[in-house]
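Undergrad: Quick one, model_36.pdb (PDB, C-alpha atoms and all ligand atoms):
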ATOM      1  CA  MET A   1     112.966  68.909  82.582
ATOM      2  CA  ILE A   2     111.153  65.579  82.228
ATOM      3  CA  GLU A   3     107.882  66.163  80.422
ATOM      4  CA  GLN A   4     105.076  64.140  78.884
ATOM      5  CA  THR A   5     103.442  65.070  75.597
ATOM      6  CA  LEU A   6     100.321  63.866  73.798
ATOM      7  CA  ILE A   7     100.722  62.642  70.239
ATOM      8  CA  LEU A   8      97.823  61.727  67.976
ATOM      9  CA  ILE A   9      98.205  60.042  64.629
ATOM     10  CA  LYS A  10      95.130  61.549  63.011
ATOM     11  CA  PRO A  11      92.734  59.660  60.661
ATOM     12  CA  ASP A  12      94.638  60.691  57.485
ATOM     13  CA  GLY A  13      97.799  59.163  58.973
ATOM     14  CA  LEU A  14      95.994  55.877  59.611
ATOM     15  CA  LYS A  15      94.229  55.909  56.230
ATOM     16  CA  LYS A  16      97.553  56.424  54.434
ATOM     17  CA  SER A  17      99.259  53.652  56.492
ATOM     18  CA  LEU A  18     101.764  56.123  57.904
ATOM     19  CA  THR A  19     101.782  54.729  61.447
ATOM     20  CA  GLY A  20     105.029  52.795  61.109
ATOM     21  CA  ASN A  21     106.837  55.677  59.393
ATOM     22  CA  ILE A  22     105.690  58.159  62.038
ATOM     23  CA  LEU A  23     106.679  55.876  64.927
ATOM     24  CA  THR A  24     110.118  55.439  63.337
ATOM     25  CA  ARG A  25     110.498  59.209  63.098
ATOM     26  CA  LEU A  26     109.374  59.569  66.734
ATOM     27  CA  SER A  27     112.015  57.077  67.848
ATOM     28  CA  GLU A  28     114.655  59.606  66.662
ATOM     29  CA  THR A  29     113.760  61.647  69.754
ATOM     30  CA  LYS A  30     114.914  58.822  72.112
ATOM     31  CA  LEU A  31     111.856  59.568  74.242
ATOM     32  CA  LYS A  32     109.976  56.675  75.814
ATOM     33  CA  ILE A  33     106.420  55.748  75.060
ATOM     34  CA  VAL A  34     104.355  55.456  78.262
ATOM     35  CA  GLY A  35     100.849  54.977  76.826
ATOM     36  CA  ALA A  36      99.130  54.120  73.539
ATOM     37  CA  LYS A  37      95.672  53.200  72.298
ATOM     38  CA  VAL A  38      93.513  53.283  69.189
ATOM     39  CA  ILE A  39      90.361  55.315  69.716
ATOM     40  CA  ARG A  40      87.151  55.955  67.841
ATOM     41  CA  VAL A  41      86.930  59.686  68.582
ATOM     42  CA  SER A  42      83.493  60.987  69.558
ATOM     43  CA  ARG A  43      82.326  64.425  68.504
ATOM     44  CA  GLU A  44      82.380  65.396  72.185
ATOM     45  CA  LEU A  45      86.044  64.411  72.596
ATOM     46  CA  ALA A  46      87.022  66.179  69.349
ATOM     47  CA  GLU A  47      85.243  69.363  70.450
ATOM     48  CA  LYS A  48      86.960  69.296  73.837
ATOM     49  CA  HIS A  49      90.364  68.689  72.242
ATOM     50  CA  TYR A  50      89.932  71.592  69.825
ATOM     51  CA  ALA A  51      87.931  73.860  72.197
ATOM     52  CA  HIS A  52      90.495  76.661  71.661
ATOM     53  CA  LEU A  53      89.533  76.798  67.965
ATOM     54  CA  LYS A  54      85.763  77.057  68.442
ATOM     55  CA  GLY A  55      84.515  79.930  66.296
ATOM     56  CA  LYS A  56      87.133  79.460  63.563
ATOM     57  CA  PRO A  57      85.629  79.076  60.067
ATOM     58  CA  PHE A  58      87.223  75.646  59.701
ATOM     59  CA  PHE A  59      86.034  74.337  63.109
ATOM     60  CA  GLU A  60      83.226  72.094  61.808
ATOM     61  CA  GLU A  61      85.526  70.555  59.178
ATOM     62  CA  LEU A  62      88.214  70.096  61.837
ATOM     63  CA  ILE A  63      85.819  68.122  64.058
ATOM     64  CA  LYS A  64      84.923  65.924  61.064
ATOM     65  CA  TYR A  65      88.664  65.477  60.483
ATOM     66  CA  LEU A  66      89.449  64.280  64.018
ATOM     67  CA  THR A  67      86.379  62.025  64.313
ATOM     68  CA  GLY A  68      87.398  60.425  61.006
ATOM     69  CA  GLU A  69      84.240  61.389  59.144
ATOM     70  CA  LEU A  70      86.318  63.312  56.608
ATOM     71  CA  HIS A  71      88.457  60.297  55.699
ATOM     72  CA  GLN A  72      85.888  57.560  56.411
ATOM     73  CA  THR A  73      88.461  56.334  58.932
ATOM     74  CA  PRO A  74      87.067  56.660  62.455
ATOM     75  CA  ARG A  75      90.341  55.856  64.223
ATOM     76  CA  VAL A  76      93.062  57.828  65.944
ATOM     77  CA  LEU A  77      96.225  56.416  67.531
ATOM     78  CA  ALA A  78      96.736  58.304  70.787
ATOM     79  CA  MET A  79     100.099  58.105  72.550
ATOM     80  CA  VAL A  80     101.999  59.701  75.398
ATOM     81  CA  TYR A  81     105.771  60.099  75.107
ATOM     82  CA  GLU A  82     107.960  61.018  78.061
ATOM     83  CA  GLY A  83     111.453  62.407  78.537
ATOM     84  CA  GLU A  84     113.681  65.503  78.666
ATOM     85  CA  GLU A  85     112.047  68.414  76.789
ATOM     86  CA  ALA A  86     109.554  65.962  75.283
ATOM     87  CA  ILE A  87     107.078  68.671  74.241
ATOM     88  CA  ALA A  88     109.508  70.771  72.185
ATOM     89  CA  LYS A  89     111.265  67.733  70.706
ATOM     90  CA  VAL A  90     108.045  66.209  69.361
ATOM     91  CA  LYS A  91     106.632  69.567  68.267
ATOM     92  CA  LYS A  92     109.777  70.235  66.220
ATOM     93  CA  LEU A  93     109.680  66.799  64.636
ATOM     94  CA  ALA A  94     105.956  67.258  63.838
ATOM     95  CA  GLY A  95     106.600  70.588  62.089
ATOM     96  CA  ALA A  96     104.495  73.694  61.511
ATOM     97  CA  THR A  97     100.673  73.549  61.516
ATOM     98  CA  ASN A  98     100.472  74.498  57.831
ATOM     99  CA  PRO A  99     102.102  71.615  55.928
ATOM    100  CA  GLU A 100     103.232  74.017  53.181
ATOM    101  CA  GLU A 101     105.193  76.003  55.760
ATOM    102  CA  ALA A 102     106.493  72.966  57.631
ATOM    103  CA  GLU A 103     110.140  71.902  57.274
ATOM    104  CA  PRO A 104     110.133  69.402  54.395
ATOM    105  CA  THR A 105     111.855  66.821  56.606
ATOM    106  CA  SER A 106     109.330  67.213  59.447
ATOM    107  CA  ILE A 107     106.429  64.752  59.678
ATOM    108  CA  ARG A 108     103.913  67.352  58.538
ATOM    109  CA  GLY A 109     106.252  68.618  55.822
ATOM    110  CA  ALA A 110     106.648  65.107  54.477
ATOM    111  CA  TYR A 111     103.100  63.822  54.812
ATOM    112  CA  GLY A 112     100.779  66.832  55.100
ATOM    113  CA  ARG A 113      98.744  68.639  52.456
ATOM    114  CA  ILE A 114      96.084  71.305  52.232
ATOM    115  CA  LEU A 115      92.701  69.934  51.209
ATOM    116  CA  THR A 116      90.553  71.848  48.701
ATOM    117  CA  SER A 117      88.165  72.537  51.599
ATOM    118  CA  GLY A 118      91.055  74.532  53.113
ATOM    119  CA  ILE A 119      91.688  72.290  56.104
ATOM    120  CA  PHE A 120      95.330  71.498  56.874
ATOM    121  CA  GLU A 121      95.632  67.702  56.705
ATOM    122  CA  ASN A 122      98.790  67.145  58.697
ATOM    123  CA  ALA A 123      98.822  63.524  59.920
ATOM    124  CA  ILE A 124      99.816  64.214  63.518
ATOM    125  CA  HIS A 125      98.949  66.246  66.596
ATOM    126  CA  ALA A 126     101.559  67.114  69.222
ATOM    127  CA  SER A 127     101.032  69.120  72.422
ATOM    128  CA  SER A 128     102.181  72.756  72.204
ATOM    129  CA  GLY A 129     103.192  73.545  75.778
ATOM    130  CA  LEU A 130     103.223  72.308  79.372
ATOM    131  CA  ARG A 131      99.687  73.428  80.172
ATOM    132  CA  GLU A 132      98.259  72.056  76.923
ATOM    133  CA  ALA A 133     100.097  68.744  77.390
ATOM    134  CA  GLU A 134      98.694  68.239  80.900
ATOM    135  CA  GLY A 135      95.132  69.050  79.802
ATOM    136  CA  GLU A 136      95.355  66.876  76.694
ATOM    137  CA  ILE A 137      96.913  63.874  78.468
ATOM    138  CA  LYS A 138      94.190  64.022  81.133
ATOM    139  CA  LEU A 139      91.520  64.353  78.429
ATOM    140  CA  TRP A 140      92.694  61.357  76.364
ATOM    141  CA  PHE A 141      94.067  58.960  79.003
ATOM    142  CA  LYS A 142      93.104  57.570  82.388
ATOM    143  CA  PRO A 143      95.969  57.237  84.901
ATOM    144  CA  GLU A 144      95.790  53.432  84.696
ATOM    145  CA  GLU A 145      96.450  53.578  80.944
ATOM    146  CA  LEU A 146      99.873  55.179  81.462
ATOM    147  CA  VAL A 147     102.854  53.241  82.811
ATOM    148  CA  SER A 148     104.394  56.407  84.281
ATOM    149  CA  HIS A 149     102.686  59.263  86.123
ATOM    150  CA  LEU A 150     103.930  62.818  85.984
ATOM    151  CA  TYR A 151     100.738  64.287  87.399
ATOM    152  CA  PRO A 152      99.423  63.352  90.852
ATOM    153  CA  VAL A 153      96.893  60.521  91.048
ATOM    154  CA  GLU A 154      94.577  59.353  93.793
ATOM    155  CA  GLU A 155      92.523  56.258  94.409
ATOM    156  CA  ALA A 156      88.766  56.376  94.013
ATOM    157  CA  VAL A 157      86.196  53.629  94.416
ATOM    158  CA  LYS A 158      83.683  53.807  91.612
ATOM    159  CA  GLU A 159      80.490  51.813  91.529
ATOM    160  CA  LYS A 160      77.776  51.201  88.988
ATOM    161  CA  ILE A 161      79.940  52.043  86.008
ATOM    162  CA  LYS A 162      78.644  50.432  82.830
ATOM    163  CA  GLU A 163      81.426  49.004  80.691
ATOM    164  CA  LEU A 164      81.933  46.227  78.146
ATOM    165  CA  ILE A 165      83.417  42.979  79.411
ATOM    166  CA  TRP A 166      84.316  39.820  77.503
ATOM    167  CA  ALA A 167      81.180  37.665  77.040
TER     168      ALA A 167
HETATM  169  P1  LIG B 201      98.501  72.525  65.899
HETATM  170  O1  LIG B 201      97.793  71.267  65.439
HETATM  171  O2  LIG B 201      99.774  72.785  65.127
HETATM  172  O3  LIG B 201      98.700  72.554  67.398
HETATM  173  P2  LIG B 201      96.140  74.270  66.033
HETATM  174  O4  LIG B 201      95.788  73.713  67.388
HETATM  175  O5  LIG B 201      96.103  75.751  65.839
HETATM  176  O6  LIG B 201      97.580  73.780  65.530
HETATM  177  O7  LIG B 201      95.139  73.664  64.951
HETATM  178  C1  LIG B 201      94.612  72.366  65.066
HETATM  179  C2  LIG B 201      94.455  71.758  63.694
HETATM  180  O8  LIG B 201      93.503  72.529  62.938
HETATM  181  C3  LIG B 201      95.724  71.799  62.816
HETATM  182  O9  LIG B 201      96.601  70.734  63.094
HETATM  183  C4  LIG B 201      95.127  71.732  61.418
HETATM  184  O10 LIG B 201      94.743  70.397  61.094
HETATM  185  C5  LIG B 201      93.882  72.592  61.567
HETATM  186  N1  LIG B 201      94.119  74.022  61.262
HETATM  187  C6  LIG B 201      94.677  74.944  62.075
HETATM  188  N2  LIG B 201      94.709  76.162  61.515
HETATM  189  C7  LIG B 201      94.134  76.022  60.299
HETATM  190  C8  LIG B 201      93.855  76.922  59.222
HETATM  191  N3  LIG B 201      94.169  78.226  59.291
HETATM  192  N4  LIG B 201      93.277  76.442  58.107
HETATM  193  C9  LIG B 201      92.967  75.131  58.023
HETATM  194  N5  LIG B 201      93.174  74.209  59.011
HETATM  195  C10 LIG B 201      93.760  74.648  60.139
END
Would you give me this structure, written as structure tokens?
Ligand code: ADP
TA:
Amino acid sequence: MIEQTLILIKPDGLKKSLTGNILTRLSETKLKIVGAKVIRVSRELAEKHYAHLKGKPFFEELIKYLTGELHQTPRVLAMVYEGEEAIAKVKKLAGATNPEEAEPTSIRGAYGRILTSGIFENAIHASSGLREAEGEIKLWFKPEELVSHLYPVEEAVKEKIKELIWA
């Protein structure tokens, strides 16, 4: 089945200049990239993304991790990859959540570590399942930012939206 999956290169990945290495690993999957952008992640976006972990003892640290506060690197590279079994393929390549348990050749196995605070620093996020992927893609991307649509879109006329334009 053709699927789309959300991939985030988290602030530790950017701070350690791992972007190129991770993209090279992702190209092993032969999936196609259909969207990409660098984002300064707000606390609100981080909390929505990790809403399922609210209440965990490491939640506050996790929010600081994704917003970049933890690494003084407020940037995340967000991407959507598309293709046959995209979710499972990328999840396998990313490796287990705990970098110590991840396959050594997986991205997290190669580049992850456990910080003394206890948080798993694991360089990359990848959607876990179909439902998660749909929710995450819709949270991080607007339809116009993707070159291919798997989920239905509709046209809407929006007025009075404040946005930056080139001066
Ligand atoms: P995944 O990122 O593999 O989908 P989760 O959604 O459960 O896993 O967790 C989100 C992120 O929170 C992980 O990638 C990791 O950075 C951190 N994390 C998860 N579980 C723990 C834990 N038990 N201790 C420390 N950090 C954790």
Undergrad: Compute the set of protein, DNA and RNA residues whose minimum atom distance to ligand LIG 201 (chain B) is at most 8 Å, using all atoms listed in the file, and state it as a PyMOL selection string.
TA: chain A and resi 50+52-53+58-59+62+65+95-98+114+118-122+124-128
Undergrad: Identify all residues satisfying the PyMOL selection byres (((chain A and resi 29-46) around 10) and not hetatm) in the given file; provide them as a ChimeraX atom specification.
TA: /A:3-9,11,24-28,47-51,62-69,73-86,89-90,93,137,139-149
Undergrad: Go ahead and compute the interatomic distance for atom CA of A:Gly129 and atom CA of A:Leu150, in Å to one decimal.
TA: 14.8 Å
Undergrad: Quick one: distance from atom CA of A:Gly109 to atom CA of A:Ala94 in Å, one decimal?
TA: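 For atom CA of A:Gly109 relative to atom CA of A:Ala94, the distance reads 8.1 Å.
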Undergrad: Listed atoms of stretch 139-145 of chain A, axis-aligned box, 8 Å per side: centre and edge lengths to one decimal in Å, as AutoDock Vina command-line options?
TA:
--center_x 94.0 --center_y 58.9 --center_z 80.6 --size_x 20.9 --size_y 26.9 --size_z 24.5
Undergrad: Between A:Ala110, A:Leu70, A:Val157, A:Ala123, which one has atoms that come closest to A:Leu14, using all atoms listed in the file?
TA: A:Ala123
Undergrad: Given the choices A:Ala88, A:Leu164, A:Lys158, A:Glu132, which gets closest to A:Ile2 if the distance is worked out from all atoms listed in the file?
TA: A:Ala88
Undergrad: Name all residues at most 10 Å from A:Tyr111 (count all atoms listed in the file; drop same-chain ones fewer than 3 positions away) and give them as a list in words.
TA: Asp12, Gly13, Lys16, Leu18, Ile22, Pro99, Pro104, Thr105, Ser106, Ile107, Arg108, Glu121, Asn122, Ala123 and Ile124 of chain A
Undergrad: How many Å lie between atom CA of A:Ser117 and atom CA of A:Pro57, rounded to one decimal?
TA: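 Separating atom CA of A:Ser117 from atom CA of A:Pro57 is a distance of 11.0 Å.
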Undergrad: Just add N, CA, C and O atoms to stretch 84-103 of chain A and send it as an mmCIF file, in the coordinates of the input.
TA:
data_model
loop_
_atom_site.group_PDB
_atom_site.id
_atom_site.type_symbol
_atom_site.label_atom_id
_atom_site.label_comp_id
_atom_site.auth_asym_id
_atom_site.auth_seq_id
_atom_site.Cartn_x
_atom_site.Cartn_y
_atom_site.Cartn_z
ATOM 1 N N GLU A 84 113.149 64.130 78.613
ATOM 2 C CA GLU A 84 113.681 65.503 78.666
ATOM 3 C C GLU A 84 113.127 66.331 77.508
ATOM 4 O O GLU A 84 113.242 65.910 76.352
ATOM 5 N N GLU A 85 112.555 67.473 77.813
ATOM 6 C CA GLU A 85 112.047 68.414 76.789
ATOM 7 C C GLU A 85 111.172 67.716 75.747
ATOM 8 O O GLU A 85 111.225 68.031 74.554
ATOM 9 N N ALA A 86 110.361 66.766 76.210
ATOM 10 C CA ALA A 86 109.554 65.962 75.283
ATOM 11 C C ALA A 86 108.644 66.833 74.403
ATOM 12 O O ALA A 86 108.476 66.557 73.212
ATOM 13 N N ILE A 87 108.069 67.872 74.991
ATOM 14 C CA ILE A 87 107.078 68.671 74.241
ATOM 15 C C ILE A 87 107.733 69.356 73.033
ATOM 16 O O ILE A 87 107.263 69.236 71.897
ATOM 17 N N ALA A 88 108.833 70.048 73.278
ATOM 18 C CA ALA A 88 109.508 70.771 72.185
ATOM 19 C C ALA A 88 110.093 69.809 71.154
ATOM 20 O O ALA A 88 110.037 70.069 69.946
ATOM 21 N N LYS A 89 110.650 68.696 71.642
ATOM 22 C CA LYS A 89 111.265 67.733 70.706
ATOM 23 C C LYS A 89 110.227 67.188 69.723
ATOM 24 O O LYS A 89 110.477 67.115 68.519
ATOM 25 N N VAL A 90 109.063 66.801 70.243
ATOM 26 C CA VAL A 90 108.045 66.209 69.361
ATOM 27 C C VAL A 90 107.418 67.287 68.479
ATOM 28 O O VAL A 90 107.157 67.057 67.299
ATOM 29 N N LYS A 91 107.225 68.465 69.050
ATOM 30 C CA LYS A 91 106.632 69.567 68.267
ATOM 31 C C LYS A 91 107.533 69.889 67.062
ATOM 32 O O LYS A 91 107.058 70.123 65.959
ATOM 33 N N LYS A 92 108.837 69.921 67.300
ATOM 34 C CA LYS A 92 109.777 70.235 66.220
ATOM 35 C C LYS A 92 109.738 69.150 65.143
ATOM 36 O O LYS A 92 109.710 69.437 63.946
ATOM 37 N N LEU A 93 109.720 67.912 65.588
ATOM 38 C CA LEU A 93 109.680 66.799 64.636
ATOM 39 C C LEU A 93 108.365 66.802 63.852
ATOM 40 O O LEU A 93 108.341 66.467 62.664
ATOM 41 N N ALA A 94 107.265 67.215 64.515
ATOM 42 C CA ALA A 94 105.956 67.258 63.838
ATOM 43 C C ALA A 94 105.967 68.350 62.767
ATOM 44 O O ALA A 94 105.455 68.157 61.671
ATOM 45 N N GLY A 95 106.539 69.501 63.068
ATOM 46 C CA GLY A 95 106.600 70.588 62.089
ATOM 47 C C GLY A 95 105.450 71.570 62.232
ATOM 48 O O GLY A 95 104.542 71.379 63.035
ATOM 49 N N ALA A 96 105.478 72.618 61.420
ATOM 50 C CA ALA A 96 104.495 73.694 61.511
ATOM 51 C C ALA A 96 103.090 73.204 61.169
ATOM 52 O O ALA A 96 102.916 72.230 60.426
ATOM 53 N N THR A 97 102.089 73.922 61.718
ATOM 54 C CA THR A 97 100.673 73.549 61.516
ATOM 55 C C THR A 97 100.324 73.454 60.040
ATOM 56 O O THR A 97 99.689 72.507 59.591
ATOM 57 N N ASN A 98 100.743 74.482 59.280
ATOM 58 C CA ASN A 98 100.472 74.498 57.831
ATOM 59 C C ASN A 98 101.523 73.638 57.124
ATOM 60 O O ASN A 98 102.712 73.973 57.129
ATOM 61 N N PRO A 99 101.109 72.535 56.520
ATOM 62 C CA PRO A 99 102.102 71.615 55.928
ATOM 63 C C PRO A 99 102.955 72.261 54.839
ATOM 64 O O PRO A 99 104.086 71.827 54.602
ATOM 65 N N GLU A 100 102.433 73.333 54.207
ATOM 66 C CA GLU A 100 103.232 74.017 53.181
ATOM 67 C C GLU A 100 104.355 74.830 53.802
ATOM 68 O O GLU A 100 105.350 75.133 53.153
ATOM 69 N N GLU A 101 104.164 75.222 55.065
ATOM 70 C CA GLU A 101 105.193 76.003 55.760
ATOM 71 C C GLU A 101 106.096 75.124 56.608
ATOM 72 O O GLU A 101 107.110 75.587 57.128
ATOM 73 N N ALA A 102 105.714 73.868 56.773
ATOM 74 C CA ALA A 102 106.493 72.966 57.631
ATOM 75 C C ALA A 102 107.818 72.600 56.957
ATOM 76 O O ALA A 102 107.892 72.505 55.732
ATOM 77 N N GLU A 103 108.853 72.410 57.773
ATOM 78 C CA GLU A 103 110.140 71.902 57.274
ATOM 79 C C GLU A 103 109.863 70.656 56.434
ATOM 80 O O GLU A 103 109.157 69.748 56.908
#
